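Pasting target-v2.cif here (mmCIF, C-alpha atoms and all ligand atoms):
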```
data_model
#
loop_
_atom_site.label_atom_id
_atom_site.label_comp_id
_atom_site.auth_asym_id
_atom_site.auth_seq_id
_atom_site.Cartn_x
_atom_site.Cartn_y
_atom_site.Cartn_z
CA MET F 1 105.65 72.15 97.69
CA THR F 2 102.73 72.11 95.31
CA SER F 3 104.40 71.77 91.96
CA THR F 4 102.70 73.11 88.89
CA GLY F 5 104.90 70.80 86.85
CA SER F 6 107.84 71.46 84.58
CA GLY F 7 107.49 74.16 81.96
CA ALA F 8 105.27 76.31 84.20
CA ALA F 9 106.01 80.03 84.16
CA PHE F 10 108.05 80.94 87.19
CA LYS F 11 107.40 84.26 88.90
CA LYS F 12 109.24 84.55 92.17
CA LEU F 13 111.72 82.95 94.53
CA GLU F 14 111.66 84.50 98.00
CA ILE F 15 114.42 83.84 100.50
CA THR F 16 113.77 85.41 103.91
CA ASP F 17 115.93 85.38 107.04
CA VAL F 18 117.61 82.13 106.03
CA VAL F 19 120.19 80.70 108.40
CA LYS F 20 122.12 77.48 107.76
CA ASN F 21 124.36 75.86 110.36
CA TYR F 22 126.46 72.72 110.16
CA GLY F 23 126.85 71.69 113.79
CA SER F 24 128.08 74.77 115.63
CA LYS F 25 129.37 76.41 112.44
CA CYS F 26 127.15 79.10 110.94
CA VAL F 27 127.49 78.93 107.13
CA LEU F 28 124.70 81.26 105.97
CA ASP F 29 123.71 84.09 108.26
CA ASP F 30 120.36 85.73 107.62
CA ILE F 31 120.03 85.66 103.84
CA ASP F 32 117.30 87.82 102.31
CA LEU F 33 116.76 87.77 98.57
CA HIS F 34 113.96 87.92 96.02
CA VAL F 35 114.53 86.63 92.50
CA SER F 36 112.03 87.26 89.72
CA HIS F 37 111.27 85.49 86.45
CA GLY F 38 113.93 85.96 83.80
CA GLU F 39 116.72 87.12 86.08
CA PHE F 40 120.20 85.72 85.52
CA CYS F 41 121.73 85.87 89.01
CA THR F 42 125.43 85.26 89.27
CA LEU F 43 126.74 84.47 92.74
CA VAL F 44 130.37 85.02 93.74
CA GLY F 45 132.22 85.01 97.04
CA PRO F 46 135.35 83.77 98.79
CA SER F 47 135.90 80.06 99.22
CA GLY F 48 133.75 78.62 101.99
CA CYS F 49 131.28 81.54 102.16
CA GLY F 50 128.37 79.19 101.45
CA LYS F 51 127.62 79.59 97.72
CA SER F 52 127.02 75.89 97.06
CA THR F 53 125.13 75.58 100.32
CA LEU F 54 122.75 78.35 99.23
CA LEU F 55 122.25 76.56 95.90
CA ARG F 56 121.48 73.28 97.69
CA LEU F 57 118.92 75.06 99.89
CA ILE F 58 117.21 76.56 96.83
CA LEU F 59 117.24 73.14 95.16
CA GLY F 60 115.65 71.65 98.28
CA GLN F 61 118.46 69.15 98.71
CA GLU F 62 119.05 70.55 102.20
CA GLN F 63 116.85 72.47 104.59
CA ALA F 64 117.55 75.78 106.33
CA ASN F 65 117.76 75.91 110.12
CA GLN F 66 115.79 79.16 110.19
CA GLY F 67 113.88 81.33 107.77
CA SER F 68 111.95 80.44 104.65
CA ILE F 69 112.57 79.72 100.98
CA LEU F 70 109.40 80.09 98.94
CA VAL F 71 108.96 79.25 95.27
CA GLU F 72 105.72 80.79 94.00
CA GLY F 73 104.72 81.35 97.62
CA GLN F 74 105.11 77.66 98.53
CA PRO F 75 107.90 76.27 100.74
CA ALA F 76 110.71 75.01 98.49
CA GLY F 77 110.56 71.58 100.15
CA PHE F 78 112.41 68.78 98.37
CA PRO F 79 113.83 68.76 94.82
CA ASP F 80 111.15 68.71 92.12
CA PRO F 81 110.87 69.53 88.41
CA TYR F 82 110.65 73.23 89.24
CA ARG F 83 114.40 73.45 89.81
CA GLY F 84 117.10 71.79 87.74
CA ILE F 85 120.80 71.78 88.49
CA VAL F 86 123.95 71.59 86.36
CA PHE F 87 127.22 70.83 88.19
CA GLN F 88 130.81 71.45 87.19
CA ARG F 89 131.16 67.76 86.33
CA TYR F 90 129.35 64.47 86.74
CA SER F 91 125.97 65.59 85.43
CA LEU F 92 126.19 62.87 82.75
CA PHE F 93 125.95 59.13 83.31
CA PRO F 94 129.00 57.46 81.72
CA HIS F 95 127.18 54.30 80.60
CA LEU F 96 124.48 56.21 78.66
CA SER F 97 124.86 57.76 75.22
CA VAL F 98 124.51 61.54 74.93
CA LEU F 99 120.98 61.11 73.57
CA ASP F 100 119.98 58.78 76.42
CA ASN F 101 121.54 61.14 78.95
CA VAL F 102 119.39 63.96 77.60
CA LEU F 103 116.32 61.70 77.71
CA LEU F 104 117.05 60.41 81.22
CA GLY F 105 115.02 63.03 83.09
CA LYS F 106 111.98 62.30 80.89
CA HIS F 107 112.24 58.59 81.67
CA LEU F 108 112.66 59.18 85.38
CA THR F 109 109.71 61.54 85.68
CA HIS F 110 107.24 59.89 83.29
CA GLN F 111 108.06 56.18 83.31
CA ARG F 112 106.72 53.82 85.96
CA TRP F 113 108.75 50.90 87.35
CA TRP F 114 106.50 48.32 85.71
CA MET F 115 106.92 49.91 82.29
CA PRO F 116 109.83 48.88 80.07
CA TRP F 117 112.48 51.53 79.28
CA ARG F 118 110.78 52.91 76.21
CA ARG F 119 110.90 56.31 74.61
CA GLN F 120 107.55 57.97 74.13
CA SER F 121 106.78 59.49 70.79
CA GLY F 122 108.10 63.00 70.43
CA TRP F 123 110.78 62.66 73.09
CA LYS F 124 113.54 61.68 70.69
CA GLU F 125 112.69 64.56 68.32
CA GLU F 126 112.70 66.97 71.26
CA ALA F 127 116.06 65.66 72.48
CA MET F 128 117.56 65.81 68.99
CA SER F 129 116.38 69.36 68.51
CA LEU F 130 118.03 70.30 71.81
CA LEU F 131 121.22 68.52 70.79
CA GLU F 132 121.14 70.57 67.61
CA ARG F 133 120.69 73.67 69.76
CA VAL F 134 123.81 72.79 71.78
CA ARG F 135 125.64 71.78 68.58
CA LEU F 136 125.92 68.10 69.46
CA THR F 137 123.85 66.45 66.73
CA GLU F 138 126.82 64.41 65.52
CA ALA F 139 127.58 63.25 69.07
CA ALA F 140 124.09 61.91 69.89
CA GLU F 141 125.14 58.25 69.96
CA LYS F 142 128.53 58.85 71.58
CA TYR F 143 129.32 58.24 75.24
CA PRO F 144 130.50 60.99 77.63
CA HIS F 145 134.14 59.76 77.67
CA GLU F 146 134.26 60.30 73.89
CA LEU F 147 133.45 64.02 74.29
CA SER F 148 135.60 67.03 75.21
CA GLY F 149 134.87 68.87 78.48
CA GLY F 150 133.02 71.64 76.64
CA MET F 151 130.89 69.11 74.74
CA GLN F 152 130.07 67.31 78.01
CA GLN F 153 128.88 70.55 79.59
CA ARG F 154 126.79 71.39 76.52
CA ALA F 155 125.22 67.92 76.83
CA ALA F 156 124.59 68.57 80.55
CA ILE F 157 122.85 71.84 79.64
CA ALA F 158 120.67 69.99 77.07
CA GLN F 159 119.92 67.41 79.78
CA ALA F 160 118.65 70.21 82.03
CA LEU F 161 116.83 72.14 79.28
CA ILE F 162 114.68 69.17 78.18
CA MET F 163 113.05 69.20 81.60
CA LYS F 164 112.02 72.85 81.14
CA HIS F 165 112.80 73.62 84.76
CA PRO F 166 111.49 77.12 85.45
CA VAL F 167 114.62 77.75 87.57
CA LEU F 168 118.03 76.55 86.45
CA LEU F 169 120.71 76.28 89.16
CA MET F 170 124.30 76.09 87.93
CA ASP F 171 127.24 75.34 90.24
CA GLU F 172 130.51 76.31 88.52
CA PRO F 173 129.29 74.68 85.29
CA PHE F 174 132.23 76.00 83.25
CA GLY F 175 134.84 75.75 86.02
CA ALA F 176 136.73 72.84 84.49
CA LEU F 177 136.97 74.27 80.96
CA ASP F 178 139.79 76.04 79.15
CA PRO F 179 139.32 79.83 78.64
CA ASP F 180 138.25 79.67 74.96
CA THR F 181 135.69 76.91 75.50
CA ARG F 182 134.49 78.74 78.57
CA GLU F 183 133.87 81.98 76.69
CA ASP F 184 132.18 80.06 73.89
CA LEU F 185 129.79 78.48 76.40
CA GLN F 186 129.17 81.81 78.15
CA ILE F 187 127.91 83.28 74.89
CA PHE F 188 125.95 80.12 74.22
CA LEU F 189 124.29 80.23 77.66
CA LEU F 190 123.38 83.91 77.34
CA ASP F 191 121.77 83.15 74.00
CA ILE F 192 119.72 80.26 75.48
CA TRP F 193 118.79 82.32 78.56
CA GLU F 194 117.47 85.10 76.34
CA LYS F 195 115.62 82.87 73.87
CA GLU F 196 114.12 80.47 76.43
CA GLN F 197 113.46 83.22 79.00
CA LEU F 198 115.06 81.17 81.75
CA THR F 199 115.61 82.14 85.36
CA ILE F 200 119.18 81.20 86.22
CA PHE F 201 121.15 81.09 89.46
CA PHE F 202 124.82 80.68 88.55
CA VAL F 203 127.70 80.14 91.04
CA THR F 204 131.20 80.92 89.81
CA HIS F 205 134.67 81.68 91.17
CA ASP F 206 135.42 83.81 88.14
CA LEU F 207 134.51 87.48 88.70
CA GLU F 208 134.80 88.31 85.02
CA GLU F 209 132.39 85.50 84.17
CA ALA F 210 129.96 86.70 86.87
CA CYS F 211 130.03 90.31 85.69
CA PHE F 212 129.69 89.27 82.05
CA LEU F 213 126.87 86.73 82.37
CA GLY F 214 124.60 88.12 85.03
CA SER F 215 121.67 90.47 84.80
CA ARG F 216 122.25 90.67 88.53
CA LEU F 217 125.44 90.05 90.47
CA LEU F 218 125.29 88.86 94.08
CA VAL F 219 128.32 88.90 96.36
CA LEU F 220 128.15 86.48 99.29
CA SER F 221 130.86 86.90 101.91
CA GLN F 222 131.85 86.06 105.46
CA TYR F 223 134.10 89.17 105.49
CA TYR F 224 131.93 91.86 107.06
CA THR F 225 131.38 93.34 110.48
CA ASP F 226 128.27 93.99 112.48
CA ASP F 227 127.45 95.06 116.00
CA ARG F 228 129.40 92.06 117.27
CA GLY F 229 132.53 93.97 116.28
CA ASN F 230 135.66 92.77 114.52
CA ASP F 231 136.48 89.78 116.70
CA PRO F 232 137.69 87.07 114.27
CA ASP F 233 136.36 84.42 116.65
CA VAL F 234 132.78 85.49 115.96
CA ASN F 235 131.09 82.64 114.12
CA ARG F 236 130.15 84.69 111.06
CA GLY F 237 128.28 82.98 108.26
CA GLY F 238 128.06 84.25 104.68
CA LYS F 239 125.81 87.22 103.99
CA ILE F 240 124.90 88.99 100.78
CA VAL F 241 127.14 92.05 100.98
CA ALA F 242 126.47 93.48 97.52
CA ASP F 243 123.77 93.15 94.89
CA HIS F 244 124.37 94.85 91.55
CA PRO F 245 121.94 95.10 88.65
CA LEU F 246 123.94 94.50 85.45
CA LYS F 247 123.42 95.18 81.79
CA ASN F 248 124.69 92.25 79.80
CA ILE F 249 124.76 92.15 76.05
CA ALA F 250 124.05 88.66 74.76
CA GLY F 251 126.36 87.57 71.97
CA SER F 252 129.07 90.18 72.49
CA THR F 253 132.20 90.02 74.61
CA VAL F 254 133.20 93.63 73.79
CA ILE F 255 132.07 94.74 77.24
CA LYS F 256 134.89 92.70 78.82
CA ASP F 257 137.45 95.19 77.47
CA GLN F 258 135.69 98.28 78.80
CA MET F 259 137.03 100.28 81.73
CA GLU F 260 133.63 100.30 83.47
CA PHE F 261 133.61 96.49 83.41
CA ARG F 262 137.13 96.23 84.88
CA ASP F 263 136.16 98.78 87.57
CA LEU F 264 133.12 96.71 88.52
CA ILE F 265 135.31 93.62 88.97
CA GLU F 266 137.65 95.57 91.23
CA SER F 267 134.82 96.95 93.32
CA VAL F 268 133.32 93.45 93.75
CA ARG F 269 136.74 92.23 94.86
CA ARG F 270 136.86 94.97 97.50
CA GLU F 271 133.28 94.37 98.64
CA GLY F 272 133.63 90.71 99.50
CA PHE F 273 136.97 89.07 98.91
CA ASN F 274 139.49 90.78 101.12
CA PRO F 275 139.47 89.70 104.79
CA GLU F 276 141.29 92.96 105.59
CA ILE F 277 138.43 95.06 104.17
CA ARG F 278 135.18 94.47 106.01
CA GLN F 279 132.05 96.52 105.39
CA HIS F 280 129.66 97.05 108.25
CA VAL F 281 126.23 95.46 107.59
CA ASP F 282 124.68 98.93 107.69
CA THR F 283 126.77 100.05 104.71
CA PHE F 284 126.10 97.13 102.35
CA ASN F 285 125.44 98.41 98.90
CA LEU F 286 122.31 96.38 98.14
CA ASN F 287 121.18 98.49 95.24
CA HIS F 288 118.91 96.07 93.41
CA PRO F 289 115.16 96.67 93.90
CA ASP F 290 114.62 93.04 94.92
CA SER F 291 117.39 93.02 97.46
CA PHE F 292 116.86 93.93 101.07
CA ARG F 293 118.23 93.26 104.49
CA THR F 294 116.20 92.56 107.55
CA LEU F 295 117.75 93.66 110.77
CA ASN F 296 119.64 91.20 112.91
CA GLU F 297 119.57 91.28 116.65
CA TYR F 298 122.94 90.37 118.14
N1 LIG H 301 127.50 68.77 104.52
C1 LIG H 301 128.32 69.58 105.19
N2 LIG H 301 128.65 69.30 106.47
C2 LIG H 301 129.45 70.11 107.19
N3 LIG H 301 130.00 71.25 106.70
C3 LIG H 301 129.71 71.57 105.44
C4 LIG H 301 128.86 70.75 104.62
N4 LIG H 301 128.74 71.35 103.40
C5 LIG H 301 129.49 72.46 103.46
N5 LIG H 301 130.06 72.59 104.66
C6 LIG H 301 130.91 73.71 105.11
O1 LIG H 301 130.18 74.89 104.87
C7 LIG H 301 131.02 75.92 104.41
C8 LIG H 301 130.49 76.45 103.09
O2 LIG H 301 130.62 75.46 102.09
P1 LIG H 301 130.18 75.72 100.58
O3 LIG H 301 130.63 74.55 99.79
O4 LIG H 301 128.75 76.09 100.53
O5 LIG H 301 131.05 77.01 100.26
P2 LIG H 301 131.40 77.63 98.84
O6 LIG H 301 131.29 79.09 98.98
O7 LIG H 301 130.58 76.98 97.76
O8 LIG H 301 132.93 77.18 98.74
P3 LIG H 301 133.87 77.04 97.46
O9 LIG H 301 133.93 78.37 96.80
O10 LIG H 301 135.19 76.65 98.05
O11 LIG H 301 133.27 75.97 96.58
C9 LIG H 301 132.42 75.32 104.31
O12 LIG H 301 133.12 75.66 105.48
C10 LIG H 301 132.17 73.84 104.27
O13 LIG H 301 133.23 73.14 104.83
#
```
Represent the structure from my file as C-alpha cells, please.
Amino acid sequence: MTSTGSGAAFKKLEITDVVKNYGSKCVLDDIDLHVSHGEFCTLVGPSGCGKSTLLRLILGQEQANQGSILVEGQPAGFPDPYRGIVFQRYSLFPHLSVLDNVLLGKHLTHQRWWMPWRRQSGWKEEAMSLLERVRLTEAAEKYPHELSGGMQQRAAIAQALIMKHPVLLMDEPFGALDPDTREDLQIFLLDIWEKEQLTIFFVTHDLEEACFLGSRLLVLSQYYTDDRGNDPDVNRGGKIVADHPLKNIAGSTVIKDQMEFRDLIESVRREGFNPEIRQHVDTFNLNHPDSFRTLNEY
C-alpha cells in the first residue's frame, strides 16, 4: 500500500467479503466490516473462530483468499508503520533494555545498515516521556526478565506507541496477567486511547474485558446457520454474528457492577459462544452503523 508514514491521521479500514482458508478448512467466511478513526473495537469469539487470523490479515502478515482489506482506500498489503501489533507475550527482546526495546522500532525504520546503531537526537527524550507515561521511568535500564508481567506489557505498549501507528492491533495483550494488574492496565489503556485518539483492534477471551474496554464490541463465531442448514459437517468459517456500539467510561470500573453490563455479557455469550444456540445469518444483530453483511450465495 501507499503509506503516508507513521503518525498520519487514520480515517477508515474497510474489510469487504473477506474469506480465509487454510487448505480445505474455511477459517473466515465472508467478513464485512468498516472501522473508523478513534474506534476501540474489541473482538471476542469461541476458540478457533479466527480472531487472530483476522488480526493477521489486517496487519498484512497474511493475505485473504477472497475479498479486500483497504486501509485509507489502499490494499492493506504487507505490514507497514500504519499498523502496529502488541501480543500477549514476546513483544520485547530479552537482550535489550526497556529503553532500547522502546527505541527499537525507531532504529529499524530510520537507520540504514551502513549506519552505526546510534540514537538520533530527540528519540531518547521521546522514549523516556513514553516510559513515564506507562510508569516505567525507573525501569528504563532494566531488562525484560527483571520486570513483572504487567510492567513488560506496559513496556510493550510504549514500544508500540513510539511508532505512532494510526491503527494499534492487540492480540490478548493482558491475557497472561493477574486480575488486578489486568484491570489496572485496562484503565491505563482506555486513558491512552482517549488522550492519543488511537484506533484500536483488541482481541480478548475475556467478555468482561471486551464489554468494558470497547467503544464497539464484535462477536466472531463459527456457531451460526445459513441456507446450508444445520449440518455440522458444513465447513463453516467464522463470521461476525453481532456488532454492538458500547459506551465506555474511561477511568471508571463502576460500570462492571451494573446489571445492564452483566446482561450484555450474557447476551454476547448467547450470540456466539454456545454451539447449541445458532442464529441464522438473516437474524444477526449487526446494529452498528458501520457494520453490514453482504449476501452469500450457497
Ligand atoms: N497458519 C495456519 N495454518 C493452518 N491452520 C491455521 C493456521 N493459523 C490458524 N489456523 C487454524 O485456523 C483456525 C483459527 O485460528 P485462530 O488462531 O485465528 O483462532 P482464534 O479465534 O484466535 O483462536 P483462540 O481463541 O484459540 O486463540 C484454527 O482452527 C487454527 O487451527
Problem - Coordinates-based distance that separates atom N2 of ligand LIG 301 (chain H) from CA of Gly272 (chain F) (Å, one decimal) - result: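 About the pair CA of Gly272 (chain F) and atom N2 of ligand LIG 301 (chain H): they are 23.1 Å apart.
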So that each row is one residue of chain F with an atom at most 12 Å from ligand LIG 301 (chain H), can you give its shortest atom pair and the distance in Å to one decimal, using only C-alpha atoms and all ligand atoms, rows by chain and rising number, as a tab-separated table?
```
residue	atom	partner	partner_atom	distance
F:Lys20	CA	H:LIG301	O1	8.9
F:Asn21	CA	H:LIG301	O1	8.1
F:Tyr22	CA	H:LIG301	C2	5.0
F:Gly23	CA	H:LIG301	C2	7.3
F:Ser24	CA	H:LIG301	C2	9.7
F:Lys25	CA	H:LIG301	N3	7.7
F:Cys26	CA	H:LIG301	O1	8.0
F:Val27	CA	H:LIG301	O1	5.4
F:Leu28	CA	H:LIG301	C8	8.1
F:Asp29	CA	H:LIG301	C8	11.4
F:Leu43	CA	H:LIG301	O6	9.4
F:Val44	CA	H:LIG301	O6	8.0
F:Gly45	CA	H:LIG301	O6	6.3
F:Pro46	CA	H:LIG301	O9	5.9
F:Ser47	CA	H:LIG301	O9	3.5
F:Gly48	CA	H:LIG301	O5	3.6
F:Cys49	CA	H:LIG301	O6	4.0
F:Gly50	CA	H:LIG301	O4	3.3
F:Lys51	CA	H:LIG301	O6	3.9
F:Ser52	CA	H:LIG301	O7	3.8
F:Thr53	CA	H:LIG301	O4	3.7
F:Leu54	CA	H:LIG301	O4	6.5
F:Leu55	CA	H:LIG301	O4	8.0
F:Arg56	CA	H:LIG301	O4	8.3
F:Leu57	CA	H:LIG301	O4	9.9
F:Gln61	CA	H:LIG301	N1	10.8
F:Glu62	CA	H:LIG301	N1	8.9
F:Gln63	CA	H:LIG301	N1	11.3
F:Phe87	CA	H:LIG301	O11	11.6
F:Gln88	CA	H:LIG301	O11	10.7
F:Met170	CA	H:LIG301	O7	11.7
F:Asp171	CA	H:LIG301	O7	8.4
F:Glu172	CA	H:LIG301	O11	8.5
F:Gly175	CA	H:LIG301	O11	10.7
F:Phe202	CA	H:LIG301	O7	11.5
F:Val203	CA	H:LIG301	O7	8.0
F:Thr204	CA	H:LIG301	O9	7.9
F:His205	CA	H:LIG301	O9	6.6
F:Asp206	CA	H:LIG301	O9	10.3
F:Val219	CA	H:LIG301	O6	10.6
F:Leu220	CA	H:LIG301	O6	8.0
F:Ser221	CA	H:LIG301	O6	8.4
F:Gln222	CA	H:LIG301	O6	9.5
F:Asn235	CA	H:LIG301	O12	11.3
F:Arg236	CA	H:LIG301	O12	11.0
F:Gly237	CA	H:LIG301	C7	8.5
F:Gly238	CA	H:LIG301	C8	8.3
F:Lys239	CA	H:LIG301	O6	11.0
F:Ile240	CA	H:LIG301	O6	11.9
F:Gly272	CA	H:LIG301	O6	11.9
F:Phe273	CA	H:LIG301	O9	11.3
```
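Remark: for Lys11 (chain F), the closest of the candidate residues F:Ile31, F:Ala140, F:Val167, F:Met128 is F:Val167 (distances computed over only C-alpha atoms).
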Problem - Nearest candidate to Ile200 (chain F) (options F:Leu168, F:Ile85, F:Val98, F:Leu13; using all atoms listed in the file) - result: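 With all atoms listed in the file as the atom set, the closest residue is F:Leu168.
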Practice task
Just give me the gap between CA of Asp243 (chain F) and CA of Lys164 (chain F) in Å, one decimal is fine.
Solution key: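 The value is 27.2 Å.
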Handout entry: Computed interatomic separation between CA of Asp184 (chain F) and CA of Ala160 (chain F) (Å)
Key =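 Atom-to-atom, CA of Asp184 (chain F) and CA of Ala160 (chain F) are spaced 18.6 Å apart.
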Any chance you could model N, CA and C atoms for region 254-287 of chain F and send them as a PDB file, in the coordinates of the input?
```pdb
ATOM      1  N   VAL F 254     132.520  92.321  73.842  1.00  0.00           N
ATOM      2  CA  VAL F 254     133.200  93.630  73.790  1.00  0.00           C
ATOM      3  C   VAL F 254     133.247  94.276  75.172  1.00  0.00           C
ATOM      4  N   ILE F 255     132.177  94.099  75.929  1.00  0.00           N
ATOM      5  CA  ILE F 255     132.070  94.740  77.240  1.00  0.00           C
ATOM      6  C   ILE F 255     133.245  94.367  78.160  1.00  0.00           C
ATOM      7  N   LYS F 256     133.799  93.164  77.955  1.00  0.00           N
ATOM      8  CA  LYS F 256     134.890  92.700  78.820  1.00  0.00           C
ATOM      9  C   LYS F 256     136.118  93.597  78.735  1.00  0.00           C
ATOM     10  N   ASP F 257     136.264  94.328  77.631  1.00  0.00           N
ATOM     11  CA  ASP F 257     137.450  95.190  77.470  1.00  0.00           C
ATOM     12  C   ASP F 257     137.202  96.606  77.977  1.00  0.00           C
ATOM     13  N   GLN F 258     135.977  96.898  78.420  1.00  0.00           N
ATOM     14  CA  GLN F 258     135.690  98.280  78.800  1.00  0.00           C
ATOM     15  C   GLN F 258     136.113  98.579  80.233  1.00  0.00           C
ATOM     16  N   MET F 259     136.522  99.834  80.428  1.00  0.00           N
ATOM     17  CA  MET F 259     137.030 100.280  81.730  1.00  0.00           C
ATOM     18  C   MET F 259     135.981 100.077  82.831  1.00  0.00           C
ATOM     19  N   GLU F 260     134.725 100.422  82.498  1.00  0.00           N
ATOM     20  CA  GLU F 260     133.630 100.300  83.470  1.00  0.00           C
ATOM     21  C   GLU F 260     133.517  98.862  83.990  1.00  0.00           C
ATOM     22  N   PHE F 261     133.705  97.916  83.072  1.00  0.00           N
ATOM     23  CA  PHE F 261     133.610  96.490  83.410  1.00  0.00           C
ATOM     24  C   PHE F 261     134.749  96.090  84.348  1.00  0.00           C
ATOM     25  N   ARG F 262     135.971  96.549  84.038  1.00  0.00           N
ATOM     26  CA  ARG F 262     137.130  96.230  84.880  1.00  0.00           C
ATOM     27  C   ARG F 262     136.938  96.860  86.267  1.00  0.00           C
ATOM     28  N   ASP F 263     136.383  98.092  86.288  1.00  0.00           N
ATOM     29  CA  ASP F 263     136.160  98.780  87.570  1.00  0.00           C
ATOM     30  C   ASP F 263     135.157  98.001  88.436  1.00  0.00           C
ATOM     31  N   LEU F 264     134.131  97.470  87.778  1.00  0.00           N
ATOM     32  CA  LEU F 264     133.120  96.710  88.520  1.00  0.00           C
ATOM     33  C   LEU F 264     133.778  95.488  89.179  1.00  0.00           C
ATOM     34  N   ILE F 265     134.627  94.799  88.423  1.00  0.00           N
ATOM     35  CA  ILE F 265     135.310  93.620  88.970  1.00  0.00           C
ATOM     36  C   ILE F 265     136.132  94.012  90.202  1.00  0.00           C
ATOM     37  N   GLU F 266     136.829  95.126  90.102  1.00  0.00           N
ATOM     38  CA  GLU F 266     137.650  95.570  91.230  1.00  0.00           C
ATOM     39  C   GLU F 266     136.785  95.918  92.431  1.00  0.00           C
ATOM     40  N   SER F 267     135.648  96.575  92.176  1.00  0.00           N
ATOM     41  CA  SER F 267     134.820  96.950  93.320  1.00  0.00           C
ATOM     42  C   SER F 267     134.197  95.714  93.967  1.00  0.00           C
ATOM     43  N   VAL F 268     133.853  94.703  93.180  1.00  0.00           N
ATOM     44  CA  VAL F 268     133.320  93.450  93.750  1.00  0.00           C
ATOM     45  C   VAL F 268     134.397  92.772  94.589  1.00  0.00           C
ATOM     46  N   ARG F 269     135.635  92.817  94.110  1.00  0.00           N
ATOM     47  CA  ARG F 269     136.740  92.230  94.860  1.00  0.00           C
ATOM     48  C   ARG F 269     136.869  92.896  96.236  1.00  0.00           C
ATOM     49  N   ARG F 270     136.743  94.234  96.230  1.00  0.00           N
ATOM     50  CA  ARG F 270     136.860  94.970  97.500  1.00  0.00           C
ATOM     51  C   ARG F 270     135.686  94.657  98.429  1.00  0.00           C
ATOM     52  N   GLU F 271     134.491  94.539  97.823  1.00  0.00           N
ATOM     53  CA  GLU F 271     133.280  94.370  98.640  1.00  0.00           C
ATOM     54  C   GLU F 271     133.252  93.059  99.416  1.00  0.00           C
ATOM     55  N   GLY F 272     133.840  91.992  98.837  1.00  0.00           N
ATOM     56  CA  GLY F 272     133.630  90.710  99.500  1.00  0.00           C
ATOM     57  C   GLY F 272     134.808  89.788  99.646  1.00  0.00           C
ATOM     58  N   PHE F 273     135.917  90.088  99.003  1.00  0.00           N
ATOM     59  CA  PHE F 273     136.970  89.070  98.910  1.00  0.00           C
ATOM     60  C   PHE F 273     138.189  89.302  99.779  1.00  0.00           C
ATOM     61  N   ASN F 274     138.286  90.466 100.380  1.00  0.00           N
ATOM     62  CA  ASN F 274     139.490  90.780 101.120  1.00  0.00           C
ATOM     63  C   ASN F 274     139.201  90.756 102.626  1.00  0.00           C
ATOM     64  N   PRO F 275     139.765  89.776 103.356  1.00  0.00           N
ATOM     65  CA  PRO F 275     139.470  89.700 104.790  1.00  0.00           C
ATOM     66  C   PRO F 275     139.906  90.952 105.547  1.00  0.00           C
ATOM     67  N   GLU F 276     140.817  91.722 104.942  1.00  0.00           N
ATOM     68  CA  GLU F 276     141.290  92.960 105.590  1.00  0.00           C
ATOM     69  C   GLU F 276     140.274  94.096 105.430  1.00  0.00           C
ATOM     70  N   ILE F 277     139.427  93.992 104.405  1.00  0.00           N
ATOM     71  CA  ILE F 277     138.430  95.060 104.170  1.00  0.00           C
ATOM     72  C   ILE F 277     137.061  94.493 104.509  1.00  0.00           C
ATOM     73  N   ARG F 278     136.483  95.004 105.585  1.00  0.00           N
ATOM     74  CA  ARG F 278     135.180  94.470 106.010  1.00  0.00           C
ATOM     75  C   ARG F 278     134.174  95.607 106.109  1.00  0.00           C
ATOM     76  N   GLN F 279     133.120  95.526 105.280  1.00  0.00           N
ATOM     77  CA  GLN F 279     132.050  96.520 105.390  1.00  0.00           C
ATOM     78  C   GLN F 279     131.215  96.210 106.632  1.00  0.00           C
ATOM     79  N   HIS F 280     130.631  97.267 107.187  1.00  0.00           N
ATOM     80  CA  HIS F 280     129.660  97.050 108.250  1.00  0.00           C
ATOM     81  C   HIS F 280     128.309  96.720 107.581  1.00  0.00           C
ATOM     82  N   VAL F 281     127.523  95.854 108.201  1.00  0.00           N
ATOM     83  CA  VAL F 281     126.230  95.460 107.590  1.00  0.00           C
ATOM     84  C   VAL F 281     125.380  96.683 107.222  1.00  0.00           C
ATOM     85  N   ASP F 282     125.517  97.764 107.989  1.00  0.00           N
ATOM     86  CA  ASP F 282     124.680  98.930 107.690  1.00  0.00           C
ATOM     87  C   ASP F 282     125.112  99.652 106.420  1.00  0.00           C
ATOM     88  N   THR F 283     126.292  99.328 105.914  1.00  0.00           N
ATOM     89  CA  THR F 283     126.770 100.050 104.710  1.00  0.00           C
ATOM     90  C   THR F 283     126.744  99.173 103.461  1.00  0.00           C
ATOM     91  N   PHE F 284     126.181  97.983 103.548  1.00  0.00           N
ATOM     92  CA  PHE F 284     126.100  97.130 102.350  1.00  0.00           C
ATOM     93  C   PHE F 284     125.419  97.896 101.225  1.00  0.00           C
ATOM     94  N   ASN F 285     125.984  97.714 100.055  1.00  0.00           N
ATOM     95  CA  ASN F 285     125.440  98.410  98.900  1.00  0.00           C
ATOM     96  C   ASN F 285     124.461  97.502  98.151  1.00  0.00           C
ATOM     97  N   LEU F 286     123.297  97.282  98.756  1.00  0.00           N
ATOM     98  CA  LEU F 286     122.310  96.380  98.140  1.00  0.00           C
ATOM     99  C   LEU F 286     121.403  97.224  97.251  1.00  0.00           C
ATOM    100  N   ASN F 287     121.885  97.505  96.057  1.00  0.00           N
ATOM    101  CA  ASN F 287     121.180  98.490  95.240  1.00  0.00           C
ATOM    102  C   ASN F 287     120.296  97.898  94.146  1.00  0.00           C
TER     103      ASN F 287
END
```
